[in-house]
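Content type TSV, C-alpha atoms (C1' of nucleotides), from the file protein-v3.tsv:
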```tsv
chain	number	residue	atom	x	y	z
A	1278	MET	CA	-90.57	-102.06	-96.06
A	1279	ALA	CA	-87.08	-101.23	-94.90
A	1280	GLY	CA	-88.35	-97.78	-94.04
A	1281	GLU	CA	-91.10	-99.30	-92.00
A	1282	LEU	CA	-88.58	-101.44	-90.17
A	1283	HIS	CA	-86.68	-98.37	-89.10
A	1284	GLU	CA	-89.88	-96.68	-88.01
A	1285	VAL	CA	-90.78	-99.63	-85.84
A	1286	ALA	CA	-87.27	-99.81	-84.41
A	1287	SER	CA	-87.29	-96.11	-83.71
A	1288	ALA	CA	-90.67	-96.29	-82.02
A	1289	ARG	CA	-89.64	-99.21	-79.82
A	1290	LEU	CA	-86.45	-97.48	-78.76
A	1291	ALA	CA	-88.43	-94.33	-77.99
A	1292	ARG	CA	-90.74	-96.38	-75.82
A	1293	ALA	CA	-87.64	-97.50	-73.90
A	1294	GLU	CA	-86.42	-93.90	-73.77
A	1295	GLN	CA	-83.57	-94.59	-76.13
A	1296	ARG	CA	-82.53	-92.85	-79.33
A	1297	TYR	CA	-82.29	-94.48	-82.70
A	1298	THR	CA	-78.72	-93.45	-83.41
A	1299	ARG	CA	-76.56	-94.00	-86.45
A	1300	SER	CA	-74.78	-97.04	-85.07
A	1301	ARG	CA	-77.96	-98.64	-83.75
A	1302	ARG	CA	-79.50	-98.16	-87.16
A	1303	ALA	CA	-76.41	-99.69	-88.73
A	1304	LEU	CA	-76.85	-102.80	-86.56
A	1305	VAL	CA	-80.49	-103.11	-87.55
A	1306	ASP	CA	-79.54	-102.71	-91.22
A	1307	LEU	CA	-76.90	-105.40	-90.99
A	1308	LEU	CA	-79.24	-107.82	-89.27
A	1309	ALA	CA	-82.03	-107.07	-91.72
A	1310	GLY	CA	-79.69	-107.70	-94.63
A	1311	ALA	CA	-78.27	-110.95	-93.26
A	1312	GLU	CA	-79.62	-114.31	-94.33
A	1313	ALA	CA	-78.92	-115.82	-90.92
A	1314	PRO	CA	-78.32	-114.73	-87.33
A	1315	LEU	CA	-74.93	-113.06	-86.92
A	1316	SER	CA	-72.30	-113.22	-84.21
A	1317	LEU	CA	-70.59	-110.08	-83.05
A	1318	PRO	CA	-67.40	-110.71	-85.04
A	1319	GLN	CA	-69.57	-111.24	-88.11
A	1320	LEU	CA	-71.29	-107.93	-87.46
A	1321	LEU	CA	-67.99	-106.09	-87.08
A	1322	GLU	CA	-66.75	-107.71	-90.27
A	1323	ARG	CA	-69.74	-106.43	-92.19
A	1324	GLY	CA	-69.67	-103.02	-90.53
A	1325	PRO	CA	-66.00	-102.16	-90.05
A	1326	HIS	CA	-66.83	-98.72	-88.71
A	1327	LEU	CA	-68.53	-100.28	-85.69
A	1328	ALA	CA	-66.78	-100.27	-82.33
A	1329	GLN	CA	-66.92	-103.53	-80.45
A	1330	SER	CA	-67.96	-102.05	-77.12
A	1331	SER	CA	-70.67	-99.89	-78.65
A	1332	ALA	CA	-71.95	-102.78	-80.71
A	1333	TYR	CA	-72.29	-104.97	-77.63
A	1334	ARG	CA	-73.90	-102.15	-75.68
A	1335	ASN	CA	-76.30	-101.28	-78.46
A	1336	LEU	CA	-77.30	-104.88	-79.01
A	1337	VAL	CA	-78.30	-105.00	-75.36
A	1338	VAL	CA	-80.30	-101.79	-75.79
A	1339	LEU	CA	-81.95	-103.12	-78.95
A	1340	GLU	CA	-82.74	-106.40	-77.27
A	1341	ARG	CA	-84.32	-104.72	-74.28
A	1342	ALA	CA	-86.36	-102.56	-76.62
A	1343	GLY	CA	-87.62	-105.68	-78.37
A	1344	VAL	CA	-85.97	-104.98	-81.72
A	1345	VAL	CA	-83.26	-107.60	-81.61
A	1346	HIS	CA	-83.24	-111.16	-80.36
A	1347	ARG	CA	-80.16	-112.79	-78.90
A	1348	ILE	CA	-79.56	-116.48	-79.52
A	1349	VAL	CA	-77.36	-118.44	-77.17
A	1350	THR	CA	-75.78	-121.48	-78.77
A	1351	ALA	CA	-73.12	-123.86	-77.49
A	1352	ASP	CA	-70.73	-121.87	-79.66
A	1353	ASP	CA	-68.37	-119.31	-78.14
A	1354	PHE	CA	-70.34	-116.41	-79.59
A	1355	ALA	CA	-73.95	-115.41	-79.16
A	1356	ARG	CA	-75.89	-114.72	-82.37
A	1357	TYR	CA	-78.20	-111.82	-83.03
A	1358	GLU	CA	-81.22	-111.47	-85.29
A	1359	LEU	CA	-84.19	-109.13	-85.58
A	1360	ALA	CA	-87.06	-109.81	-83.21
A	1361	GLU	CA	-89.44	-112.46	-84.41
A	1362	ASP	CA	-92.39	-110.15	-84.92
A	1363	LEU	CA	-90.29	-108.29	-87.47
A	1364	THR	CA	-89.18	-111.34	-89.40
A	1365	GLY	CA	-91.88	-113.93	-88.79
A	1366	HIS	CA	-91.89	-116.91	-86.47
A	1367	HIS	CA	-89.13	-119.37	-87.28
A	1368	HIS	CA	-86.66	-121.81	-85.76
A	1369	HIS	CA	-82.97	-122.59	-86.00
A	1370	LEU	CA	-80.67	-125.22	-87.38
A	1371	ILE	CA	-77.58	-125.08	-85.20
A	1372	CYS	CA	-74.36	-126.66	-86.39
A	1373	THR	CA	-72.29	-128.03	-83.52
A	1374	GLN	CA	-69.21	-128.11	-85.73
A	1375	CYS	CA	-68.93	-124.60	-87.16
A	1376	GLY	CA	-71.48	-122.86	-84.96
A	1377	GLU	CA	-73.45	-121.55	-87.91
A	1378	VAL	CA	-77.15	-120.89	-87.45
A	1379	ARG	CA	-79.78	-121.08	-90.18
A	1380	ASP	CA	-83.48	-120.40	-90.10
A	1381	PHE	CA	-86.30	-122.79	-90.86
A	1382	THR	CA	-90.03	-122.96	-90.41
A	1383	VAL	CA	-92.48	-125.77	-89.89
A	1384	SER	CA	-96.02	-125.99	-91.20
A	1385	SER	CA	-98.63	-123.89	-89.44
A	1386	ASP	CA	-100.45	-127.11	-88.51
A	1387	VAL	CA	-97.52	-128.45	-86.56
A	1388	GLU	CA	-96.91	-125.02	-85.12
A	1389	ALA	CA	-100.52	-124.74	-83.97
A	1390	ASP	CA	-100.48	-128.18	-82.32
A	1391	LEU	CA	-97.24	-127.29	-80.64
A	1392	GLY	CA	-98.63	-123.98	-79.44
A	1393	ARG	CA	-101.62	-125.70	-77.88
A	1394	ALA	CA	-99.48	-128.32	-76.19
A	1395	LEU	CA	-97.09	-125.71	-74.82
A	1396	ALA	CA	-99.88	-123.48	-73.57
A	1397	GLU	CA	-101.20	-126.41	-71.57
A	1398	VAL	CA	-97.77	-127.23	-70.18
A	1399	ALA	CA	-97.28	-123.61	-69.13
A	1400	ALA	CA	-100.67	-123.55	-67.43
A	1401	VAL	CA	-99.98	-126.75	-65.52
A	1402	HIS	CA	-96.63	-125.48	-64.26
A	1403	GLY	CA	-97.79	-121.96	-63.44
A	1404	PHE	CA	-95.30	-120.77	-66.00
A	1405	THR	CA	-95.73	-117.48	-67.87
A	1406	ALA	CA	-94.43	-118.28	-71.32
A	1407	ASP	CA	-92.69	-115.54	-73.21
A	1408	HIS	CA	-91.89	-117.57	-76.31
A	1409	HIS	CA	-90.84	-121.04	-77.29
A	1410	ARG	CA	-87.64	-122.13	-78.88
A	1411	LEU	CA	-87.35	-125.06	-81.23
A	1412	ASP	CA	-83.88	-125.82	-82.50
A	1413	LEU	CA	-82.48	-128.64	-84.54
A	1414	VAL	CA	-78.96	-129.41	-83.38
A	1415	GLY	CA	-76.49	-131.31	-85.53
A	1416	ARG	CA	-74.13	-130.85	-88.46
A	1417	CYS	CA	-74.73	-128.56	-91.38
A	1418	ASP	CA	-74.24	-129.56	-94.98
A	1419	ALA	CA	-70.69	-128.19	-95.11
A	1420	CYS	CA	-69.55	-129.83	-91.86
A	1421	ARG	CA	-71.08	-133.22	-92.46
B	827	MET	CA	-81.86	-149.09	-61.35
B	828	ALA	CA	-79.22	-146.80	-59.92
B	829	GLY	CA	-76.75	-149.63	-60.29
B	830	GLU	CA	-77.69	-149.97	-63.90
B	831	LEU	CA	-77.11	-146.26	-64.39
B	832	HIS	CA	-73.59	-146.59	-63.09
B	833	GLU	CA	-72.98	-149.58	-65.29
B	834	VAL	CA	-74.08	-147.66	-68.35
B	835	ALA	CA	-72.00	-144.66	-67.35
B	836	SER	CA	-69.00	-146.84	-66.74
B	837	ALA	CA	-69.39	-148.56	-70.09
B	838	ARG	CA	-69.70	-145.30	-71.97
B	839	LEU	CA	-66.64	-143.86	-70.31
B	840	ALA	CA	-64.73	-147.05	-71.09
B	841	ARG	CA	-65.73	-146.68	-74.72
B	842	ALA	CA	-64.16	-143.20	-74.62
B	843	GLU	CA	-61.08	-144.65	-72.85
B	844	GLN	CA	-61.89	-142.94	-69.60
B	845	ARG	CA	-62.24	-144.31	-66.10
B	846	TYR	CA	-65.32	-144.11	-63.94
B	847	THR	CA	-63.68	-142.50	-60.94
B	848	ARG	CA	-65.07	-141.54	-57.59
B	849	SER	CA	-65.68	-137.90	-58.48
B	850	ARG	CA	-67.22	-138.71	-61.85
B	851	ARG	CA	-69.53	-141.11	-60.11
B	852	ALA	CA	-70.36	-138.43	-57.59
B	853	LEU	CA	-71.38	-136.07	-60.40
B	854	VAL	CA	-73.59	-138.72	-61.96
B	855	ASP	CA	-75.17	-139.43	-58.57
B	856	LEU	CA	-75.89	-135.78	-57.97
B	857	LEU	CA	-77.45	-135.34	-61.40
B	858	ALA	CA	-79.46	-138.52	-61.05
B	859	GLY	CA	-80.77	-137.35	-57.69
B	860	ALA	CA	-81.67	-133.85	-58.83
B	861	GLU	CA	-85.20	-132.96	-59.88
B	862	ALA	CA	-83.90	-130.45	-62.43
B	863	PRO	CA	-80.73	-129.66	-64.38
B	864	LEU	CA	-78.03	-128.22	-62.14
B	865	SER	CA	-75.49	-125.47	-62.62
B	866	LEU	CA	-71.93	-125.96	-61.49
B	867	PRO	CA	-72.36	-123.88	-58.31
B	868	GLN	CA	-75.41	-125.99	-57.49
B	869	LEU	CA	-73.36	-129.14	-58.00
B	870	LEU	CA	-70.58	-127.90	-55.72
B	871	GLU	CA	-73.18	-126.94	-53.13
B	872	ARG	CA	-74.58	-130.44	-53.10
B	873	GLY	CA	-71.18	-132.09	-53.24
B	874	PRO	CA	-68.89	-129.95	-51.11
B	875	HIS	CA	-66.01	-132.35	-51.55
B	876	LEU	CA	-65.93	-131.61	-55.28
B	877	ALA	CA	-63.22	-129.38	-56.65
B	878	GLN	CA	-64.40	-126.79	-59.14
B	879	SER	CA	-61.72	-127.46	-61.73
B	880	SER	CA	-62.20	-131.20	-61.58
B	881	ALA	CA	-65.95	-130.86	-61.76
B	882	TYR	CA	-65.75	-128.77	-64.92
B	883	ARG	CA	-63.21	-131.15	-66.44
B	884	ASN	CA	-65.22	-134.22	-65.56
B	885	LEU	CA	-68.45	-132.76	-66.87
B	886	VAL	CA	-66.70	-132.29	-70.20
B	887	VAL	CA	-65.49	-135.88	-70.10
B	888	LEU	CA	-68.95	-137.14	-69.17
B	889	GLU	CA	-70.55	-135.05	-71.88
B	890	ARG	CA	-68.17	-136.34	-74.53
B	891	ALA	CA	-68.83	-139.89	-73.37
B	892	GLY	CA	-72.58	-139.29	-73.81
B	893	VAL	CA	-73.46	-139.61	-70.14
B	894	VAL	CA	-74.20	-135.99	-69.40
B	895	HIS	CA	-75.93	-133.31	-71.40
B	896	ARG	CA	-75.02	-129.65	-71.12
B	897	ILE	CA	-77.76	-127.04	-71.43
B	898	VAL	CA	-76.84	-123.51	-72.41
B	899	THR	CA	-79.34	-120.95	-71.19
B	900	ALA	CA	-79.25	-117.16	-71.29
B	901	ASP	CA	-78.15	-117.42	-67.68
B	902	ASP	CA	-74.51	-117.01	-66.69
B	903	PHE	CA	-74.16	-120.67	-65.86
B	904	ALA	CA	-74.63	-123.72	-68.02
B	905	ARG	CA	-76.82	-126.47	-66.60
B	906	TYR	CA	-76.08	-130.16	-66.59
B	907	GLU	CA	-78.35	-133.17	-66.63
B	908	LEU	CA	-78.03	-136.85	-67.48
B	909	ALA	CA	-78.15	-137.70	-71.17
B	910	GLU	CA	-81.65	-138.01	-72.54
B	911	ASP	CA	-81.47	-141.72	-73.24
B	912	LEU	CA	-80.92	-142.23	-69.52
B	913	THR	CA	-83.79	-140.08	-68.36
B	914	GLY	CA	-86.27	-140.12	-71.23
B	915	HIS	CA	-86.96	-137.51	-73.87
B	916	HIS	CA	-88.13	-134.23	-72.37
B	917	HIS	CA	-87.97	-130.47	-72.75
B	918	HIS	CA	-87.24	-127.46	-70.58
B	919	LEU	CA	-89.02	-124.56	-68.98
B	920	ILE	CA	-86.43	-121.82	-68.68
B	921	CYS	CA	-87.02	-118.90	-66.33
B	922	THR	CA	-85.44	-115.71	-67.64
B	923	GLN	CA	-85.64	-114.17	-64.20
B	924	CYS	CA	-83.93	-116.66	-61.89
B	925	GLY	CA	-82.35	-118.92	-64.50
B	926	GLU	CA	-83.99	-122.02	-63.12
B	927	VAL	CA	-84.70	-124.90	-65.48
B	928	ARG	CA	-87.50	-127.44	-65.11
B	929	ASP	CA	-88.38	-130.45	-67.19
B	930	PHE	CA	-91.58	-131.12	-69.06
B	931	THR	CA	-92.87	-133.50	-71.70
B	932	VAL	CA	-95.46	-133.21	-74.41
B	933	SER	CA	-97.79	-135.93	-75.64
B	934	SER	CA	-96.28	-138.58	-77.87
B	935	ASP	CA	-98.66	-137.50	-80.64
B	936	VAL	CA	-97.28	-133.99	-80.71
B	937	GLU	CA	-93.78	-135.36	-80.36
B	938	ALA	CA	-94.29	-137.70	-83.31
B	939	ASP	CA	-95.67	-134.95	-85.53
B	940	LEU	CA	-92.78	-132.75	-84.56
B	941	GLY	CA	-90.28	-135.50	-85.29
B	942	ARG	CA	-91.68	-136.01	-88.77
B	943	ALA	CA	-91.67	-132.29	-89.51
B	944	LEU	CA	-88.11	-131.90	-88.27
B	945	ALA	CA	-86.88	-134.90	-90.22
B	946	GLU	CA	-88.22	-133.31	-93.36
B	947	VAL	CA	-86.62	-129.96	-92.58
B	948	ALA	CA	-83.28	-131.64	-91.95
B	949	ALA	CA	-83.51	-133.52	-95.25
B	950	VAL	CA	-84.34	-130.38	-97.21
B	951	HIS	CA	-81.40	-128.47	-95.72
B	952	GLY	CA	-78.89	-131.30	-95.98
B	953	PHE	CA	-78.64	-131.13	-92.21
B	954	THR	CA	-77.64	-134.13	-90.10
B	955	ALA	CA	-79.77	-133.76	-87.00
B	956	ASP	CA	-78.33	-134.92	-83.74
B	957	HIS	CA	-81.29	-133.98	-81.59
B	958	HIS	CA	-83.91	-131.31	-81.26
B	959	ARG	CA	-84.41	-128.85	-78.50
B	960	LEU	CA	-87.77	-127.47	-77.48
B	961	ASP	CA	-87.73	-124.93	-74.69
B	962	LEU	CA	-90.40	-122.75	-73.21
B	963	VAL	CA	-88.87	-119.44	-72.18
B	964	GLY	CA	-90.54	-117.12	-69.69
B	965	ARG	CA	-91.10	-116.64	-65.97
B	966	CYS	CA	-91.49	-119.44	-63.50
B	967	ASP	CA	-94.20	-119.54	-60.84
B	968	ALA	CA	-91.96	-117.98	-58.20
B	969	CYS	CA	-90.67	-115.17	-60.42
B	970	ARG	CA	-93.99	-114.22	-61.97
C	619	DG	C1'	-76.63	-69.06	-84.21
C	620	DG	C1'	-74.66	-70.04	-79.60
C	621	DA	C1'	-74.92	-72.14	-74.90
C	622	DT	C1'	-76.17	-76.08	-72.15
C	623	DC	C1'	-76.47	-80.67	-70.85
C	624	DA	C1'	-77.98	-85.27	-71.14
C	625	DA	C1'	-77.25	-89.21	-74.17
C	626	DG	C1'	-74.13	-91.83	-76.98
C	627	DT	C1'	-69.44	-93.26	-78.32
C	628	DG	C1'	-65.19	-96.06	-78.24
C	629	DA	C1'	-60.52	-97.27	-76.52
C	630	DA	C1'	-59.04	-99.35	-72.76
C	631	DA	C1'	-59.45	-101.74	-68.42
C	632	DG	C1'	-62.15	-105.08	-65.80
C	633	DC	C1'	-65.04	-109.17	-64.87
C	634	DG	C1'	-66.05	-113.96	-64.48
C	635	DA	C1'	-67.30	-118.73	-66.26
C	636	DG	C1'	-64.78	-122.10	-67.65
C	637	DA	C1'	-60.26	-124.11	-69.62
C	638	DA	C1'	-55.41	-125.08	-69.10
C	639	DT	C1'	-51.26	-125.92	-66.06
C	640	DC	C1'	-48.56	-128.65	-63.25
C	641	DA	C1'	-46.99	-130.80	-59.16
C	642	DC	C1'	-48.91	-134.39	-56.69
C	643	DT	C1'	-51.69	-138.74	-55.88
C	644	DC	C1'	-54.02	-142.76	-57.12
C	645	DT	C1'	-54.62	-147.07	-60.17
C	646	DT	C1'	-53.24	-150.63	-62.97
C	647	DG	C1'	-50.39	-154.01	-65.05
C	648	DG	C1'	-45.96	-156.31	-65.13
D	840	DC	C1'	-42.96	-153.75	-55.29
D	841	DC	C1'	-42.45	-150.61	-58.94
D	842	DA	C1'	-42.82	-147.91	-62.99
D	843	DA	C1'	-46.13	-145.62	-66.28
D	844	DG	C1'	-50.02	-143.55	-67.03
D	845	DA	C1'	-54.52	-141.45	-65.61
D	846	DG	C1'	-56.92	-138.35	-62.46
D	847	DT	C1'	-56.94	-134.53	-59.06
D	848	DG	C1'	-57.21	-129.77	-57.51
D	849	DA	C1'	-55.13	-125.17	-56.32
D	850	DT	C1'	-53.80	-121.88	-59.18
D	851	DT	C1'	-53.31	-119.34	-63.35
D	852	DC	C1'	-54.87	-118.10	-67.70
D	853	DT	C1'	-58.24	-117.17	-71.53
D	854	DC	C1'	-61.47	-114.62	-73.85
D	855	DG	C1'	-66.46	-113.19	-74.64
D	856	DC	C1'	-68.58	-109.63	-72.90
D	857	DT	C1'	-69.29	-105.49	-69.64
D	858	DT	C1'	-67.96	-101.36	-67.52
D	859	DT	C1'	-65.41	-97.10	-67.25
D	860	DC	C1'	-64.47	-92.54	-68.46
D	861	DA	C1'	-62.97	-88.79	-71.21
D	862	DC	C1'	-64.75	-87.16	-75.34
D	863	DT	C1'	-68.41	-86.23	-79.01
D	864	DT	C1'	-73.04	-85.65	-80.65
D	865	DG	C1'	-77.31	-83.81	-80.90
D	866	DA	C1'	-81.54	-82.29	-78.86
D	867	DT	C1'	-83.58	-78.09	-76.36
D	868	DC	C1'	-83.92	-73.54	-74.73
D	869	DC	C1'	-82.49	-68.68	-75.32
```
Using the file provided, produce a representation of the structure as structure tokens.
Amino acid sequence: MAGELHEVASARLARAEQRYTRSRRALVDLLAGAEAPLSLPQLLERGPHLAQSSAYRNLVVLERAGVVHRIVTADDFARYELAEDLTGHHHHLICTQCGEVRDFTVSSDVEADLGRALAEVAAVHGFTADHHRLDLVGRCDACR
Amino acid sequence: MAGELHEVASARLARAEQRYTRSRRALVDLLAGAEAPLSLPQLLERGPHLAQSSAYRNLVVLERAGVVHRIVTADDFARYELAEDLTGHHHHLICTQCGEVRDFTVSSDVEADLGRALAEVAAVHGFTADHHRLDLVGRCDACR
DNA sequence: GGATCAAGTGAAAGCGAGAATCACTCTTGG
DNA sequence: CCAAGAGTGATTCTCGCTTTCACTTGATCC
């Protein structure tokens, strides 16, 4: 499972003519082991050997290769998680107080209805949809 | 209609102990007249008399007063639009190429289903939802 | 193994959207 | 009219993130 993840990551980087180096692998491991999307400071905290500049650079590389997904919140820091096709389709609870992000899913019925509605919207607007983003914004349990 | 908008804006600022000054009114007018959310450079372009620092400051004031809503995209610039209760509930098409943002709505059926599903998710996670955010991310007609 | 050279690394410097400063100007109430 | 406070805007500062550049790593050929 974890091995497979690294194979996929390696293959996608290769496709983008990039190597799957130690520190890129470390980022993937950290994100795979996290229960929620992580900010860069959180990543450095959990991988103290990581250099800030390399981490930022490698997250860009991993994002372009389709391994990592970058989440922009209203918070100061962006959050990073593995690409959705590696973790399954899901959405985010975003706390406006502490900035924390947690995952959630909705039933496949709702998701299917939504997908149909969005496909129609895209068609009407001549928009080529890459993905949709459904976030619930508010206060988390701790910040209530 | 426009007069009513200014009355509401004025009342909300008053509630936050802020005045509805000329430049704040100008921002509201620009946003009300725009067909899509605007970035700060776009605002300054359309209101050349506006000072950058004051515009940023006033957008914060207007946002805190609940008159303006700030949209964070992957783009360099945040986008601003009138608060949803002034314009009606809607969602955004976000172009990853040019950064442009356009509005769209989905049927009230889908919206209702979604609302129910999200309310349940919030309850389960002990999350106090402020609002939800549904964006379609991809390439706009022009950037295809 | 050793030589070569492109790719990756990381400390440090740079960039830029947006926030903070502060002297000045308006508004409001006495 | 005259303080006292709120708002303004040119400028400066902040800080996430990016870029630079000298150095290291690791493929590839001999």
* To do: Identify all chain D residues at most 9 Å from chain B by counting only C-alpha atoms (C1' of nucleotides); ligands do not count. Present them as a PyMOL selection string.
  => chain D and resi 845-849
* To do: Could you check how far CA of Arg1302 in chain A sits from CA of His1283 in chain A, in Å to one decimal?
  =>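 For CA of Arg1302 in chain A relative to CA of His1283 in chain A, the distance reads 7.4 Å.
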* Asked: Near range 895-897 of chain B, counting all atoms listed in the file, which residues have an atom at most 9 Å away, once you skip same-chain residues fewer than 5 positions from it, shown as a list in words?
  -> Ala1351 of chain A; Pro863, Leu885, Val886, Leu888, Glu889, Arg890, Ala904, Arg905, Tyr906, Glu907, Leu908, Ala909 and Glu910 of chain B
* To do: Would you list the residues near (-77.8, -89.3, -71.8) (no more than 12 Å away, in the coordinates of the file, using only C-alpha atoms (C1' of nucleotides)) as a list in words?
  =>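 Selection result: Glu1294, Gln1295 and Arg1296 of chain A; DC623, DA624, DA625, DG626 and DT627 of chain C; DT864, DG865 and DA866 of chain D.
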Residues of chain A that approach chain B to 9 Å or less, counting only C-alpha atoms: could you list each one with the shortest pair of atoms and its distance in Å to one decimal, rows by chain and increasing residue number, as JSON lines?
```
{"residue": "A:Arg1347", "atom": "CA", "partner": "B:Ala900", "partner_atom": "CA", "distance": 8.8}
{"residue": "A:Ile1348", "atom": "CA", "partner": "B:Ala900", "partner_atom": "CA", "distance": 8.3}
{"residue": "A:Val1349", "atom": "CA", "partner": "B:Ala900", "partner_atom": "CA", "distance": 6.3}
{"residue": "A:Thr1350", "atom": "CA", "partner": "B:Val898", "partner_atom": "CA", "distance": 6.8}
{"residue": "A:Ala1351", "atom": "CA", "partner": "B:Val898", "partner_atom": "CA", "distance": 6.3}
{"residue": "A:Leu1370", "atom": "CA", "partner": "B:Phe953", "partner_atom": "CA", "distance": 7.9}
{"residue": "A:Cys1372", "atom": "CA", "partner": "B:Phe953", "partner_atom": "CA", "distance": 8.5}
{"residue": "A:Phe1381", "atom": "CA", "partner": "B:Val947", "partner_atom": "CA", "distance": 7.4}
{"residue": "A:Thr1382", "atom": "CA", "partner": "B:Val947", "partner_atom": "CA", "distance": 8.1}
{"residue": "A:Val1383", "atom": "CA", "partner": "B:Ala943", "partner_atom": "CA", "distance": 6.6}
{"residue": "A:Ser1384", "atom": "CA", "partner": "B:Ala943", "partner_atom": "CA", "distance": 7.8}
{"residue": "A:Val1387", "atom": "CA", "partner": "B:Leu940", "partner_atom": "CA", "distance": 6.7}
{"residue": "A:Glu1388", "atom": "CA", "partner": "B:Leu940", "partner_atom": "CA", "distance": 8.8}
{"residue": "A:Asp1390", "atom": "CA", "partner": "B:Val936", "partner_atom": "CA", "distance": 6.8}
{"residue": "A:Leu1391", "atom": "CA", "partner": "B:Val936", "partner_atom": "CA", "distance": 6.7}
{"residue": "A:Ala1394", "atom": "CA", "partner": "B:Val932", "partner_atom": "CA", "distance": 6.6}
{"residue": "A:Leu1395", "atom": "CA", "partner": "B:Leu962", "partner_atom": "CA", "distance": 7.5}
{"residue": "A:Val1398", "atom": "CA", "partner": "B:Phe930", "partner_atom": "CA", "distance": 7.4}
{"residue": "A:Ala1399", "atom": "CA", "partner": "B:Leu962", "partner_atom": "CA", "distance": 8.0}
{"residue": "A:His1402", "atom": "CA", "partner": "B:Asp967", "partner_atom": "CA", "distance": 7.3}
{"residue": "A:Gly1403", "atom": "CA", "partner": "B:Asp967", "partner_atom": "CA", "distance": 5.1}
{"residue": "A:Phe1404", "atom": "CA", "partner": "B:Cys966", "partner_atom": "CA", "distance": 4.7}
{"residue": "A:Thr1405", "atom": "CA", "partner": "B:Arg965", "partner_atom": "CA", "distance": 5.1}
{"residue": "A:Ala1406", "atom": "CA", "partner": "B:Gly964", "partner_atom": "CA", "distance": 4.4}
{"residue": "A:Asp1407", "atom": "CA", "partner": "B:Gly964", "partner_atom": "CA", "distance": 4.4}
{"residue": "A:His1408", "atom": "CA", "partner": "B:Val963", "partner_atom": "CA", "distance": 5.4}
{"residue": "A:His1409", "atom": "CA", "partner": "B:Leu962", "partner_atom": "CA", "distance": 4.4}
{"residue": "A:Arg1410", "atom": "CA", "partner": "B:Asp961", "partner_atom": "CA", "distance": 5.0}
{"residue": "A:Leu1411", "atom": "CA", "partner": "B:Leu960", "partner_atom": "CA", "distance": 4.5}
{"residue": "A:Asp1412", "atom": "CA", "partner": "B:Arg959", "partner_atom": "CA", "distance": 5.0}
{"residue": "A:Leu1413", "atom": "CA", "partner": "B:His958", "partner_atom": "CA", "distance": 4.5}
{"residue": "A:Val1414", "atom": "CA", "partner": "B:His957", "partner_atom": "CA", "distance": 5.4}
{"residue": "A:Gly1415", "atom": "CA", "partner": "B:Ala955", "partner_atom": "CA", "distance": 4.3}
{"residue": "A:Arg1416", "atom": "CA", "partner": "B:Thr954", "partner_atom": "CA", "distance": 5.1}
{"residue": "A:Cys1417", "atom": "CA", "partner": "B:Phe953", "partner_atom": "CA", "distance": 4.8}
{"residue": "A:Asp1418", "atom": "CA", "partner": "B:Gly952", "partner_atom": "CA", "distance": 5.1}
{"residue": "A:Ala1419", "atom": "CA", "partner": "B:Gly952", "partner_atom": "CA", "distance": 8.8}
{"residue": "A:Arg1421", "atom": "CA", "partner": "B:Thr954", "partner_atom": "CA", "distance": 7.0}
```
* Asked: CA of Leu1307 in chain A to C1' of DT857 in chain D: how many Å, to one decimal?
  ->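 Rounded to one decimal, the two atoms are 22.7 Å apart.
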* Asked: In file coordinates, which residues lie within 12 Å of (-88.0, -111.3, -88.3) using only C-alpha atoms (C1' of nucleotides), given as a PyMOL selection string?
  -> chain A and resi 1282+1305+1308-1314+1343-1346+1357-1368+1380-1381
* Kindly give the distance, in Å, that separates CA of Gly1392 in chain A and CA of Cys924 in chain B, rounded to a single decimal. => 24.0 Å
* So, counting all atoms listed in the file, which residue among C:DG647, C:DG634, C:DG628, C:DG620 is closest to DC860 in chain D? ->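 Checking each of C:DG647, C:DG634, C:DG628, C:DG620 against DC860 in chain D, counting all atoms listed in the file, the winner is C:DG628.
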* Can you check which residues of chain C have any atom within 12 Å of chain B? Use all atoms listed in the file and format it as a ChimeraX atom specification. => /C:634-639,644-646
